[in-house]
Structures are given as structure tokens and as C-alpha cells.
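Shown here: final.csv, CSV, C-alpha atoms.
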chain,number,residue,atom,x,y,z
A,1,MET,CA,18.6,-60.4,54.2
A,2,GLU,CA,22.1,-59.5,52.8
A,3,ASN,CA,25.0,-60.6,55.0
A,4,ALA,CA,27.1,-58.0,56.7
A,5,ILE,CA,30.1,-60.3,56.3
A,6,THR,CA,30.6,-63.4,54.1
A,7,VAL,CA,33.9,-65.3,54.4
A,8,THR,CA,34.6,-68.2,52.0
A,9,GLY,CA,37.6,-70.5,52.1
A,10,LEU,CA,39.8,-68.0,53.9
A,11,SER,CA,43.4,-69.0,54.4
A,12,LYS,CA,46.6,-67.1,55.4
A,13,LYS,CA,50.1,-68.4,55.1
A,14,TYR,CA,53.2,-66.9,56.7
A,15,GLN,CA,56.9,-67.8,56.1
A,16,LEU,CA,58.6,-68.5,59.4
A,17,GLY,CA,62.3,-67.7,60.1
A,18,ARG,CA,62.5,-64.9,57.5
A,19,LYS,CA,63.4,-61.5,58.8
A,20,ARG,CA,61.7,-58.6,57.0
A,21,SER,CA,64.3,-55.9,56.7
A,22,GLY,CA,63.4,-52.3,56.6
A,23,SER,CA,65.9,-51.2,53.9
A,24,PHE,CA,66.0,-51.8,50.2
A,25,ARG,CA,69.7,-52.6,50.3
A,26,GLU,CA,69.2,-55.3,53.0
A,27,THR,CA,66.3,-56.8,51.1
A,28,MET,CA,68.2,-57.0,47.8
A,29,SER,CA,71.3,-58.4,49.6
A,30,GLU,CA,69.1,-61.2,51.1
A,31,ARG,CA,67.7,-62.1,47.7
A,32,PHE,CA,71.0,-62.0,46.0
A,33,SER,CA,72.7,-64.2,48.5
A,34,GLY,CA,69.7,-66.6,48.4
A,35,LEU,CA,70.5,-67.3,44.7
A,36,PHE,CA,73.7,-69.0,45.8
A,37,THR,CA,72.5,-70.6,49.0
A,38,LYS,CA,70.5,-73.7,48.2
A,39,GLU,CA,70.1,-74.6,51.9
A,40,SER,CA,68.6,-71.3,52.9
A,41,ASN,CA,66.0,-71.5,50.0
A,42,GLU,CA,65.0,-75.0,51.0
A,43,ALA,CA,64.7,-74.0,54.7
A,44,GLY,CA,62.6,-71.0,53.7
A,45,LEU,CA,60.3,-73.1,51.6
A,46,ALA,CA,59.9,-75.6,54.5
A,47,ALA,CA,59.1,-73.0,57.2
A,48,GLU,CA,55.5,-72.3,56.3
A,49,PHE,CA,52.8,-71.6,58.9
A,50,TRP,CA,49.1,-71.5,58.0
A,51,ALA,CA,47.5,-69.0,60.5
A,52,LEU,CA,44.1,-69.7,58.9
A,53,LYS,CA,42.9,-72.7,56.9
A,54,GLU,CA,39.7,-72.8,54.8
A,55,VAL,CA,37.7,-70.6,57.2
A,56,SER,CA,34.1,-69.9,56.1
A,57,PHE,CA,31.3,-68.2,57.9
A,58,GLU,CA,28.5,-65.6,57.6
A,59,VAL,CA,27.5,-62.7,59.9
A,60,LYS,CA,24.1,-61.1,59.7
A,61,PRO,CA,23.6,-57.3,60.1
A,62,GLY,CA,23.2,-56.4,63.8
A,63,GLU,CA,24.8,-59.6,65.2
A,64,VAL,CA,27.4,-59.5,68.0
A,65,VAL,CA,29.8,-62.3,67.3
A,66,GLY,CA,32.3,-63.4,69.9
A,67,ILE,CA,35.5,-64.9,68.6
A,68,ILE,CA,37.6,-67.0,71.0
A,69,GLY,CA,40.4,-69.5,71.0
A,70,LYS,CA,43.8,-70.3,72.5
A,71,ASN,CA,46.8,-68.1,71.7
A,72,GLY,CA,47.9,-68.8,68.1
A,73,ALA,CA,44.4,-69.9,67.0
A,74,GLY,CA,44.2,-67.3,64.3
A,75,LYS,CA,41.9,-64.8,65.9
A,76,SER,CA,44.0,-61.6,65.3
A,77,THR,CA,44.9,-62.7,61.8
A,78,LEU,CA,41.2,-63.1,60.9
A,79,LEU,CA,40.5,-59.6,62.2
A,80,LYS,CA,43.4,-58.1,60.3
A,81,ILE,CA,42.1,-59.6,57.1
A,82,LEU,CA,38.5,-58.4,57.8
A,83,SER,CA,39.9,-54.9,58.6
A,84,ARG,CA,41.9,-55.0,55.3
A,85,ILE,CA,45.2,-54.6,57.2
A,86,THR,CA,46.6,-57.7,55.7
A,87,ALA,CA,45.6,-59.7,52.6
A,88,PRO,CA,44.6,-63.4,52.6
A,89,THR,CA,46.6,-66.0,50.8
A,90,LYS,CA,43.5,-67.7,49.5
A,91,GLY,CA,39.8,-67.3,49.9
A,92,ARG,CA,37.3,-64.4,49.6
A,93,VAL,CA,35.8,-61.8,52.0
A,94,GLU,CA,32.7,-59.8,51.2
A,95,ILE,CA,31.8,-56.9,53.5
A,96,THR,CA,28.7,-54.7,53.2
A,97,GLY,CA,29.2,-51.4,54.9
A,98,ARG,CA,31.9,-49.3,56.5
A,99,VAL,CA,34.3,-51.1,58.9
A,100,SER,CA,35.9,-49.5,62.0
A,101,SER,CA,38.6,-51.5,63.8
A,102,LEU,CA,40.3,-51.4,67.2
A,103,LEU,CA,43.1,-54.0,67.1
A,104,GLU,CA,46.6,-53.4,68.4
A,105,VAL,CA,47.6,-50.3,70.4
A,106,GLY,CA,49.1,-48.0,67.8
A,107,THR,CA,47.0,-49.1,64.9
A,108,GLY,CA,44.9,-46.4,63.1
A,109,PHE,CA,46.4,-43.2,64.5
A,110,HIS,CA,49.2,-41.1,63.2
A,111,PRO,CA,51.6,-40.5,66.2
A,112,GLU,CA,52.7,-37.0,65.1
A,113,LEU,CA,49.1,-35.8,64.8
A,114,THR,CA,47.0,-34.6,67.8
A,115,GLY,CA,44.0,-36.4,69.1
A,116,ARG,CA,41.7,-33.9,67.4
A,117,GLU,CA,43.5,-34.3,64.1
A,118,ASN,CA,43.3,-38.1,64.3
A,119,ILE,CA,39.6,-38.0,64.9
A,120,TYR,CA,39.1,-36.0,61.7
A,121,MET,CA,41.5,-38.2,59.8
A,122,ASN,CA,39.8,-41.4,60.9
A,123,GLY,CA,36.4,-40.0,59.9
A,124,ALA,CA,37.7,-39.0,56.5
A,125,ILE,CA,39.1,-42.6,56.0
A,126,LEU,CA,35.5,-43.9,56.7
A,127,GLY,CA,34.2,-41.6,54.0
A,128,MET,CA,32.5,-39.1,56.4
A,129,LYS,CA,32.1,-35.5,55.6
A,130,ARG,CA,33.7,-32.9,57.9
A,131,ASN,CA,30.4,-31.7,59.2
A,132,GLU,CA,29.4,-35.3,60.1
A,133,ILE,CA,32.6,-35.8,62.1
A,134,LYS,CA,32.2,-32.4,63.8
A,135,SER,CA,28.7,-33.3,65.0
A,136,LYS,CA,30.2,-36.4,66.7
A,137,PHE,CA,33.4,-34.7,68.0
A,138,ASP,CA,32.2,-33.5,71.4
A,139,GLU,CA,30.6,-36.9,72.1
A,140,ILE,CA,33.8,-38.7,71.2
A,141,VAL,CA,35.9,-36.5,73.5
A,142,ALA,CA,33.5,-36.8,76.4
A,143,PHE,CA,33.4,-40.6,76.1
A,144,SER,CA,37.2,-40.9,76.0
A,145,GLY,CA,37.6,-38.7,79.1
A,146,ILE,CA,40.9,-37.2,77.8
A,147,GLY,CA,39.6,-33.7,76.8
A,148,GLN,CA,42.5,-31.8,78.3
A,149,PHE,CA,44.9,-33.8,76.0
A,150,ILE,CA,42.9,-33.6,72.8
A,151,ASP,CA,45.3,-31.2,71.2
A,152,THR,CA,48.4,-33.1,72.3
A,153,PRO,CA,50.2,-35.4,69.7
A,154,VAL,CA,49.1,-39.0,70.4
A,155,LYS,CA,52.7,-40.2,70.5
A,156,ARG,CA,52.7,-38.7,74.0
A,157,TYR,CA,49.6,-40.6,75.2
A,158,SER,CA,49.9,-43.5,77.6
A,159,SER,CA,48.5,-46.8,76.3
A,160,GLY,CA,45.4,-46.3,78.4
A,161,MET,CA,44.7,-42.8,76.9
A,162,TYR,CA,45.4,-44.1,73.5
A,163,VAL,CA,42.9,-47.0,73.8
A,164,ARG,CA,40.3,-44.6,75.3
A,165,LEU,CA,40.4,-42.3,72.3
A,166,ALA,CA,40.7,-45.1,69.8
A,167,PHE,CA,37.6,-46.9,71.1
A,168,ALA,CA,35.6,-43.7,71.3
A,169,VAL,CA,36.5,-42.9,67.7
A,170,ALA,CA,35.8,-46.5,66.5
A,171,ALA,CA,32.4,-46.6,68.2
A,172,HIS,CA,31.1,-43.1,67.5
A,173,LEU,CA,31.9,-42.5,63.8
A,174,GLU,CA,29.0,-44.7,62.8
A,175,PRO,CA,30.6,-47.6,61.0
A,176,GLU,CA,28.2,-50.4,60.0
A,177,ILE,CA,30.7,-53.0,61.3
A,178,LEU,CA,32.8,-52.6,64.5
A,179,ILE,CA,35.7,-54.9,65.0
A,180,ILE,CA,37.3,-55.0,68.5
A,181,ASP,CA,40.3,-57.1,69.6
A,182,GLU,CA,41.6,-57.9,73.2
A,183,VAL,CA,43.1,-54.4,73.2
A,184,LEU,CA,40.4,-53.3,75.6
A,185,ALA,CA,42.2,-55.1,78.3
A,186,VAL,CA,44.6,-52.2,78.4
A,187,GLY,CA,42.0,-49.8,79.9
A,188,ASP,CA,40.9,-49.7,83.5
A,189,ALA,CA,37.9,-51.8,84.7
A,190,GLU,CA,35.5,-48.8,84.7
A,191,PHE,CA,36.3,-47.9,81.1
A,192,GLN,CA,36.1,-51.6,80.0
A,193,LYS,CA,32.5,-51.6,81.5
A,194,LYS,CA,31.7,-48.4,79.6
A,195,CYS,CA,33.0,-49.9,76.4
A,196,LEU,CA,31.0,-53.1,76.8
A,197,GLY,CA,27.9,-51.0,77.3
A,198,LYS,CA,28.6,-48.9,74.2
A,199,MET,CA,29.1,-52.1,72.1
A,200,LYS,CA,25.7,-53.3,73.3
A,201,ASP,CA,24.1,-50.0,72.5
A,202,VAL,CA,25.5,-49.9,68.9
A,203,SER,CA,24.2,-53.4,68.3
A,204,GLU,CA,20.8,-53.4,70.0
A,205,GLN,CA,19.7,-49.8,69.5
A,206,GLU,CA,21.6,-48.9,66.2
A,207,GLY,CA,21.6,-52.3,64.5
A,208,ARG,CA,25.3,-52.3,63.9
A,209,THR,CA,27.4,-55.5,63.6
A,210,VAL,CA,30.1,-56.2,66.1
A,211,LEU,CA,33.0,-58.7,66.1
A,212,PHE,CA,34.6,-59.0,69.5
A,213,VAL,CA,37.7,-61.0,70.4
A,214,SER,CA,38.5,-61.6,74.0
A,215,HIS,CA,39.9,-64.1,76.5
A,216,ASN,CA,37.4,-62.8,79.1
A,217,MET,CA,34.6,-65.4,78.8
A,218,ALA,CA,32.3,-63.3,81.0
A,219,ALA,CA,32.5,-60.4,78.6
A,220,ILE,CA,31.9,-62.7,75.6
A,221,SER,CA,28.9,-64.3,77.4
A,222,SER,CA,27.2,-61.0,78.3
A,223,MET,CA,28.0,-59.3,74.9
A,224,CYS,CA,27.6,-61.8,72.2
A,225,ASN,CA,24.6,-63.7,70.8
A,226,THR,CA,26.6,-66.0,68.6
A,227,GLY,CA,30.3,-67.0,68.3
A,228,LEU,CA,33.2,-68.7,66.5
A,229,LEU,CA,35.7,-70.9,68.3
A,230,LEU,CA,39.0,-71.1,66.4
A,231,SER,CA,41.6,-73.8,66.9
A,232,LYS,CA,44.9,-74.0,64.9
A,233,GLY,CA,43.6,-71.7,62.2
A,234,GLU,CA,40.3,-73.6,61.7
A,235,ILE,CA,36.7,-73.1,62.9
A,236,GLU,CA,36.1,-75.7,65.5
A,237,PHE,CA,32.6,-74.5,66.5
A,238,LYS,CA,30.2,-71.8,65.4
A,239,GLY,CA,26.8,-71.1,66.9
A,240,ASN,CA,25.3,-70.4,70.4
A,241,THR,CA,27.6,-68.4,72.6
A,242,GLN,CA,27.2,-70.5,75.8
A,243,ASP,CA,27.7,-73.8,73.9
A,244,MET,CA,30.9,-72.3,72.3
A,245,ILE,CA,32.2,-71.2,75.7
A,246,SER,CA,31.5,-74.6,77.2
A,247,ARG,CA,33.4,-76.3,74.4
A,248,TYR,CA,36.3,-74.0,74.8
A,249,LEU,CA,36.5,-74.5,78.6
A,250,GLU,CA,36.4,-78.3,78.1
A,251,GLN,CA,39.6,-77.9,76.0
A,252,ILE,CA,41.5,-75.9,78.5
A,253,ILE,CA,40.3,-77.3,81.8
A,254,GLN,CA,42.6,-80.4,81.4
A,255,MET,CA,45.6,-78.3,80.4
A,256,PRO,CA,48.4,-77.5,82.9
A,257,SER,CA,48.0,-73.9,83.9
A,258,THR,CA,50.4,-71.2,82.7
A,259,SER,CA,51.2,-68.3,84.9
A,260,SER,CA,50.3,-64.7,83.9
A,261,THR,CA,52.4,-63.3,86.8
A,262,VAL,CA,55.1,-65.1,88.7
A,263,LYS,CA,57.2,-62.9,91.1
A,264,LYS,CA,58.8,-65.6,93.3
A,265,SER,CA,59.9,-69.1,92.4
A,266,GLY,CA,59.1,-72.3,94.2
A,267,LEU,CA,55.3,-72.8,93.8
A,268,THR,CA,53.2,-73.1,90.7
A,269,PHE,CA,49.7,-74.3,89.8
A,270,ILE,CA,49.5,-77.6,87.9
A,271,ARG,CA,45.7,-77.9,87.2
A,272,ILE,CA,42.4,-76.3,88.2
A,273,ASN,CA,39.0,-77.9,87.9
A,274,THR,CA,35.4,-76.9,88.8
A,275,VAL,CA,33.2,-79.8,89.9
A,276,ASN,CA,29.7,-80.4,91.1
A,277,GLU,CA,28.6,-82.3,94.3
A,278,ILE,CA,29.4,-85.7,92.8
A,279,GLY,CA,32.8,-84.7,91.4
A,280,GLU,CA,31.8,-84.2,87.7
A,281,GLN,CA,33.8,-81.5,85.9
A,282,ARG,CA,31.5,-78.7,84.9
A,283,THR,CA,31.6,-75.1,83.8
A,284,GLN,CA,27.8,-74.5,84.1
A,285,PHE,CA,25.9,-74.7,87.4
A,286,GLY,CA,22.4,-74.0,88.6
A,287,PHE,CA,21.8,-71.2,91.1
A,288,SER,CA,20.9,-73.9,93.7
A,289,GLU,CA,24.0,-75.9,93.2
A,290,PRO,CA,27.3,-75.6,95.2
A,291,ILE,CA,30.5,-75.1,93.2
A,292,SER,CA,33.8,-76.7,94.2
A,293,VAL,CA,37.1,-75.5,92.8
A,294,LYS,CA,39.9,-78.1,92.9
A,295,MET,CA,43.4,-76.7,92.7
A,296,ASP,CA,46.6,-78.8,92.3
A,297,PHE,CA,50.0,-77.1,92.8
A,298,SER,CA,53.6,-78.1,93.1
A,299,ASN,CA,56.0,-77.1,95.9
A,300,LEU,CA,59.8,-77.2,95.1
A,301,THR,CA,61.1,-76.6,98.6
A,302,ASP,CA,60.3,-78.2,102.0
A,303,LYS,CA,58.3,-76.7,104.8
A,304,GLN,CA,57.0,-73.6,103.1
A,305,ALA,CA,53.7,-72.0,104.2
A,306,VAL,CA,51.5,-70.5,101.5
A,307,ASN,CA,48.2,-68.6,101.1
A,308,ILE,CA,45.9,-69.9,98.4
A,309,GLY,CA,43.4,-67.3,97.2
A,310,LEU,CA,40.3,-67.3,94.9
A,311,ALA,CA,38.7,-64.1,93.7
A,312,ILE,CA,35.4,-64.1,91.8
A,313,ARG,CA,34.8,-61.4,89.1
A,314,ASP,CA,31.5,-60.4,87.4
A,315,ALA,CA,30.9,-60.1,83.7
A,316,THR,CA,32.6,-56.7,83.6
A,317,GLY,CA,35.7,-58.0,85.3
A,318,LYS,CA,35.0,-56.3,88.6
A,319,LYS,CA,36.0,-58.4,91.7
A,320,LEU,CA,33.0,-59.4,93.8
A,321,PHE,CA,34.7,-61.2,96.7
A,322,THR,CA,37.9,-63.1,97.7
A,323,THR,CA,38.4,-66.1,99.9
A,324,VAL,CA,41.9,-67.1,101.2
A,325,PHE,CA,43.2,-70.3,102.9
A,326,LEU,CA,46.5,-70.7,104.6
A,327,LYS,CA,48.3,-74.0,104.1
A,328,GLU,CA,51.3,-74.5,106.5
A,329,HIS,CA,54.3,-76.7,106.6
A,330,LEU,CA,54.3,-77.9,103.0
A,331,PHE,CA,56.4,-80.9,102.1
A,332,LYS,CA,58.3,-80.9,98.7
A,333,GLY,CA,56.0,-82.3,96.0
A,334,ASP,CA,52.5,-81.9,94.7
A,335,HIS,CA,49.6,-80.6,96.8
A,336,PHE,CA,45.8,-80.4,96.5
A,337,VAL,CA,43.2,-77.9,97.9
A,338,GLN,CA,39.5,-77.5,97.3
A,339,VAL,CA,37.2,-74.6,98.0
A,340,ARG,CA,33.4,-74.8,98.0
A,341,ILE,CA,31.2,-71.9,97.0
A,342,PRO,CA,27.9,-72.5,98.7
A,343,ALA,CA,24.7,-72.9,96.7
A,344,LYS,CA,22.6,-69.8,96.0
A,345,THR,CA,25.7,-67.5,96.3
A,346,LEU,CA,26.2,-66.4,92.6
A,347,LEU,CA,23.2,-65.1,90.8
A,348,GLN,CA,22.4,-66.0,87.2
A,349,GLY,CA,25.2,-64.8,84.9
A,350,HIS,CA,28.7,-65.4,83.8
A,351,TYR,CA,31.7,-65.1,86.1
A,352,THR,CA,35.5,-65.6,86.0
A,353,ALA,CA,37.9,-66.3,88.9
A,354,ASP,CA,41.5,-65.4,89.6
A,355,ILE,CA,43.6,-67.8,91.6
A,356,ALA,CA,46.8,-67.1,93.5
A,357,LEU,CA,49.6,-68.7,95.5
A,358,PHE,CA,51.1,-65.9,97.7
A,359,ASP,CA,53.0,-65.1,100.9
A,360,ASN,CA,53.3,-61.7,102.6
A,361,TYR,CA,51.5,-60.1,99.6
A,362,GLU,CA,54.1,-61.4,97.1
A,363,ALA,CA,52.8,-63.7,94.4
A,364,TYR,CA,54.4,-67.1,93.6
A,365,ASP,CA,51.8,-67.8,90.9
A,366,TYR,CA,48.9,-65.7,89.9
A,367,LEU,CA,46.4,-66.5,87.1
A,368,GLU,CA,43.8,-64.0,86.0
A,369,HIS,CA,40.4,-65.2,84.6
A,370,ARG,CA,41.6,-68.8,84.9
A,371,ILE,CA,38.2,-70.1,85.8
A,372,SER,CA,35.0,-69.4,83.9
A,373,LEU,CA,31.6,-70.1,85.4
A,374,ILE,CA,28.1,-69.9,83.9
A,375,ILE,CA,25.3,-69.8,86.5
A,376,THR,CA,21.7,-70.5,85.3
A,377,ASP,CA,18.5,-70.0,87.3
A,378,ALA,CA,15.3,-71.7,86.2
A,379,ASP,CA,13.0,-71.4,89.2
A,380,SER,CA,14.1,-68.8,91.8
A,381,SER,CA,12.2,-65.5,92.3
A,382,LEU,CA,15.4,-63.7,91.2
A,383,ARG,CA,15.7,-65.2,87.7
A,384,ASN,CA,14.0,-62.5,85.8
A,385,TYR,CA,16.2,-59.6,87.1
A,386,LYS,CA,19.3,-58.3,85.5
A,387,ALA,CA,22.6,-57.9,87.3
A,388,GLU,CA,22.4,-54.1,87.1
A,389,GLU,CA,19.1,-54.3,89.0
A,390,ILE,CA,20.0,-56.7,91.8
A,391,GLY,CA,23.7,-57.2,91.7
A,392,SER,CA,25.6,-60.5,91.3
A,393,ILE,CA,25.9,-62.0,94.8
A,394,HIS,CA,23.2,-63.4,97.0
A,395,ILE,CA,23.9,-63.6,100.8
A,396,PRO,CA,21.4,-65.4,102.9
A,397,CYS,CA,20.1,-63.2,105.7
A,398,GLU,CA,17.7,-63.6,108.6
A,399,TRP,CA,14.3,-62.0,108.1
A,400,ASN,CA,11.8,-61.4,111.0
Can you present the structure in this file as C-alpha cells?
Amino acid sequence: MENAITVTGLSKKYQLGRKRSGSFRETMSERFSGLFTKESNEAGLAAEFWALKEVSFEVKPGEVVGIIGKNGAGKSTLLKILSRITAPTKGRVEITGRVSSLLEVGTGFHPELTGRENIYMNGAILGMKRNEIKSKFDEIVAFSGIGQFIDTPVKRYSSGMYVRLAFAVAAHLEPEILIIDEVLAVGDAEFQKKCLGKMKDVSEQEGRTVLFVSHNMAAISSMCNTGLLLSKGEIEFKGNTQDMISRYLEQIIQMPSTSSTVKKSGLTFIRINTVNEIGEQRTQFGFSEPISVKMDFSNLTDKQAVNIGLAIRDATGKKLFTTVFLKEHLFKGDHFVQVRIPAKTLLQGHYTADIALFDNYEAYDYLEHRISLIITDADSSLRNYKAEEIGSIHIPCEWN
């Protein structure tokens, strides 16, 4: 079977510290002055950054490939090259079929044109005839949910409206290959769930190829049947999605946490681990195993009470439940807390967790999707059911 995508020895180099000016005069001035400034030339030559280095992989038609990695790993650069937005420095990319991409907010639409006009323009770029686009038009507008604004210039859209229409266009204009970046995080939870469902449909029912970049391991786990783990511009792992996620989580679980939202100073998380009954660090647990989350945090002031919260999310990002603990009279220095999720609570699937340090509903430190958990179930009577059939949480009840 012919590959949908074949990437061979792909590399991309950027020059750091060089400002790209927007005018011809400034560009020529920089080049002219550079002729007489030896130091600036040498500095420019030294400031090279390889965003990708000798990346090679193949994607079969109909595969859903998850691409993950830390910030700066090269994920967005790879997608931009595959989408023909930027050219590689070295290497070769072979693509069979039409490609539709949803990368950064603002890519692919002309701001002065209306939503309607942009739909037709994108279809024309994909090589579709006007009648083909027209037959999909109502479906695109209905999916996006912004029908009343379809004849408004997109420059007046909010980021959420923009992403709604952009995804609807990308998914419905029948490209053979759909490339989606983390941009979906801009939309609300309900729309994200709708998008994930559509991506599954175009792969499983229509046989189209999907490349999906996300920091949400639950979405990657539920969506993708194979994956690429990038690290410093190179492929560190390619293969089974669960093995890829486990390897990625092993990398970050020892790292000091970084805050996604900090509204007050004084308290911050240092590290977070998930462990089993005997204290082994794990990211994958059986349905019948309890899960302990260990959280270390630092306090910069004396005698300060704080709430520590843990919220569990399902594969779509929806919060399932929250547990909170109040720790009073903190001394200055480092502290440790542990919360235990009882066995047989989370059904089979992939989950993430948010953690927070807060007081009077104001956050000191708040980390979204900081924890990723894979729950397996080999022998319970619930193992053969999907989350949409039975939900994600099991609560022991008394039956008579």
C-alpha cells in the first residue's frame, strides 16, 4: 500500500537573533551594514538553531498519528513543513493526496473576506469545484455553529468563532490528509469533544489520514492508534500510542512543575508524582488498583493556610470530580501532601488531572492537565463497555 506521507531525513534550521524586517529599505540597510561589521556576521553565523534534525517516518492511509513532545521539540515546525507553509532546510517529504491544515489561529483565512467567502476560497485551494463546495456548505456552517455570522468578515470573529469555522472547513472539504495542531484548545469543552468525534469519523468511516498534535494525553490516547514522540528536533519514539505516552510521562514526571496560571505569589508546586501501593512511580494502573498522587510544594511565608485541590478530567477534557484538602499553619519551606484515589473508581480509559494551590478562590499555583493516567481493566464485568455507554466513574453502592 502506498504511504500517505513519507518523510526522509527532514531537517529545519533557523537563524537566531536576526530580526526579519518588513520593508525593503530596512532589509537592504541591514545587509549593507553587515558588509562592514565582521562581529555581526560572525554572531549571525553562530546563532543557528535546528528545530528538526534528520526526522524520518511513514504514515499509512487512514492512520491517526499523535505527535507529542515538550515545548520546543519541533512539533509545530514539522506540521508547517508537511502543510507546505515553510520549506525544509534538508530532507524530503512525499505526500499522496490533498492536505487540509488547522495550525495557528489566523492561518488559512483572509481577514477581509466573510466566513462564506473563506469557505469557498479554501475549497478552491484544495482543488474542489464550486458545486462540490456548495454541497458541503450547509454542513460546514451547521457544524461550526456560527451561522448568523457567516456573512461577517472573519477579522471580526473571536478566536473561538474563528477556530470553529476553521475546523469545520478543514474537516468537511474532504482532504485525504487532515493536520490539526493544539489550536483546538481555544474552543470550549463541548466543541473540542465534537471535533475529536469528527476526527474519529473521518478516519474510521472515511479512511482519511489524521496528524494530531496536542498536550492533552487523554485526547491523544483516545484518538490515535500510533504516535511520534519528538525531543529536541529528533524522533525519540515512534509506535504504539500508549507506549509513547508512558515514555513521555516518564520524562516529565521528574521535572519541576511550571505554572500555567499564577495569580498570587508565595506558594508553588515543586514536583508531582503518581505512585502505586508500594510507592512505585507509575502512569498506568489497573481498575482494581488505588492511585496515590504525591504533591510537593514550597511556601515562602510563615503560617499561611492553603487549599490543595485535585480535579480529574476524562478523555474529552470534561471535569469528572474534584477533591480538596485544607492544610493550615504552614511554616516557611517545602511541604508534602498525598491524596489516594480508591481502587475501582476510574473506569478503563485515559484521564488527566489539574492540581491547584488556592485560598478564597484565588489561585497561588494552578496546573492544567499536569497528571496523565491510563486505567486498564482486564477482568471486571465493565471492561467491554465504552465510556459513552457507562461513563467514566464507578461509585460503589449498596444493592439489596
Review point. Got a sec: who's within 9 Å of A:Leu165, counting only C-alpha atoms, leaving out chain neighbours fewer than 3 positions off, as a ChimeraX atom specification?
Key: /A:115,119,140-141,143-146,160-162,168-170
Review point. Can you tell me, as a list in words, what residues are no more than 8 Å from stretch 339-349 of chain A when counting all atoms listed in the file, ignoring any on the same chain fewer than 6 positions away?
Key: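 In the requested form, the answer reads Ser222, Phe287, Ser288, Glu289, Pro290, Ile291, Ser292, Val293, Lys294, Ala315, Ile374, Ile375, Thr376, Asp377, Leu382, Arg383, Ala387, Gly391, Ser392, Ile393, His394 and Ile395 of chain A.
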Practice item. Would you please work out which residue, of A:Lys194, A:His215, A:Lys12, A:Arg84, is nearest to A:Lys70 when using only C-alpha atoms? Key: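 Comparing A:Lys194, A:His215, A:Lys12, A:Arg84 against A:Lys70, the winner is A:His215.
Going from atom CA of A:Arg92 to atom CA of A:Phe167 covers 27.7 Å.
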Point to revise | Surrounding residues of stretch 232-243 of chain A excluding itself and chain neighbours under 2 positions, 7 Å, only C-alpha atoms, as a PyMOL selection string | key: chain A and resi 50-55+72-74+221+224-230+245-247
Point to revise | Residue nearest A:Glu112 among A:Ile81, A:Thr96, A:Arg156, A:Lys90 (counting all atoms listed in the file) | key: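 Of the candidates, the smallest distance to A:Glu112 is held by A:Arg156.
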Practice item. Compare A:Phe137, A:Phe331, A:Phe191, A:Phe149 by their minimum atom-to-atom distance to A:His172, counting all atoms listed in the file, and give me the closest one. Key: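 The closest residue to A:His172 is A:Phe137.
As for atom CA of A:Phe358 and atom CA of A:Ile308, they are spaced 6.6 Å apart.
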Study note, to complete from the structure: One decimal place gives the atom CA of A:Val202-atom CA of A:Arg98 separation as 14.0 Å
In file coordinates, which residues lie within 10 Å of (60.9, -73.7, 93.3) using all atoms listed in the file, given as a PDB file with C-alpha atoms, in the coordinates of the input?
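As a result, selection_0.pdb now contains:
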ATOM      1  CA  LYS A 264      58.800 -65.600  93.300  1.00  0.00           C
ATOM      2  CA  SER A 265      59.900 -69.100  92.400  1.00  0.00           C
ATOM      3  CA  GLY A 266      59.100 -72.300  94.200  1.00  0.00           C
ATOM      4  CA  LEU A 267      55.300 -72.800  93.800  1.00  0.00           C
ATOM      5  CA  THR A 268      53.200 -73.100  90.700  1.00  0.00           C
ATOM      6  CA  SER A 298      53.600 -78.100  93.100  1.00  0.00           C
ATOM      7  CA  ASN A 299      56.000 -77.100  95.900  1.00  0.00           C
ATOM      8  CA  LEU A 300      59.800 -77.200  95.100  1.00  0.00           C
ATOM      9  CA  THR A 301      61.100 -76.600  98.600  1.00  0.00           C
ATOM     10  CA  ASP A 302      60.300 -78.200 102.000  1.00  0.00           C
ATOM     11  CA  LYS A 332      58.300 -80.900  98.700  1.00  0.00           C
ATOM     12  CA  TYR A 364      54.400 -67.100  93.600  1.00  0.00           C
TER      13      TYR A 364
END
Check your understanding: Leaving out A:Met199 and any residue of its chain fewer than 4 positions from it, which residues lie within 12 Å of it when counting all atoms listed in the file, given as a PyMOL selection string?
Key -> chain A and resi 62-66+167-168+170-172+174+177-180+184+192-195+203-212+219-220+222-224
Quick one: residues within 8 Å of A:Ser372, all atoms listed in the file, excluding same-chain residues fewer than 3 positions away - as a PDB file with C-alpha atoms, keeping the file's coordinate frame?
ATOM      1  CA  MET A 217      34.600 -65.400  78.800  1.00  0.00           C
ATOM      2  CA  ALA A 218      32.300 -63.300  81.000  1.00  0.00           C
ATOM      3  CA  LEU A 249      36.500 -74.500  78.600  1.00  0.00           C
ATOM      4  CA  THR A 283      31.600 -75.100  83.800  1.00  0.00           C
ATOM      5  CA  HIS A 350      28.700 -65.400  83.800  1.00  0.00           C
ATOM      6  CA  TYR A 351      31.700 -65.100  86.100  1.00  0.00           C
ATOM      7  CA  THR A 352      35.500 -65.600  86.000  1.00  0.00           C
ATOM      8  CA  ALA A 353      37.900 -66.300  88.900  1.00  0.00           C
ATOM      9  CA  HIS A 369      40.400 -65.200  84.600  1.00  0.00           C
TER      10      HIS A 369
END
Practice item. Select, from A:Pro175, A:Gly9, A:Gly333, A:Pro111, the residue with the minimum atom-to-atom distance to A:Glu94, counting all atoms listed in the file. Key: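 Of the candidates, the smallest distance to A:Glu94 is held by A:Gly9.
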Review point. Which one of A:Phe109, A:Arg130, A:Ile5, A:Val337 sits closest to A:Leu82 if you count only C-alpha atoms?
Key: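 Under the stated criterion, the closest residue is A:Ile5.
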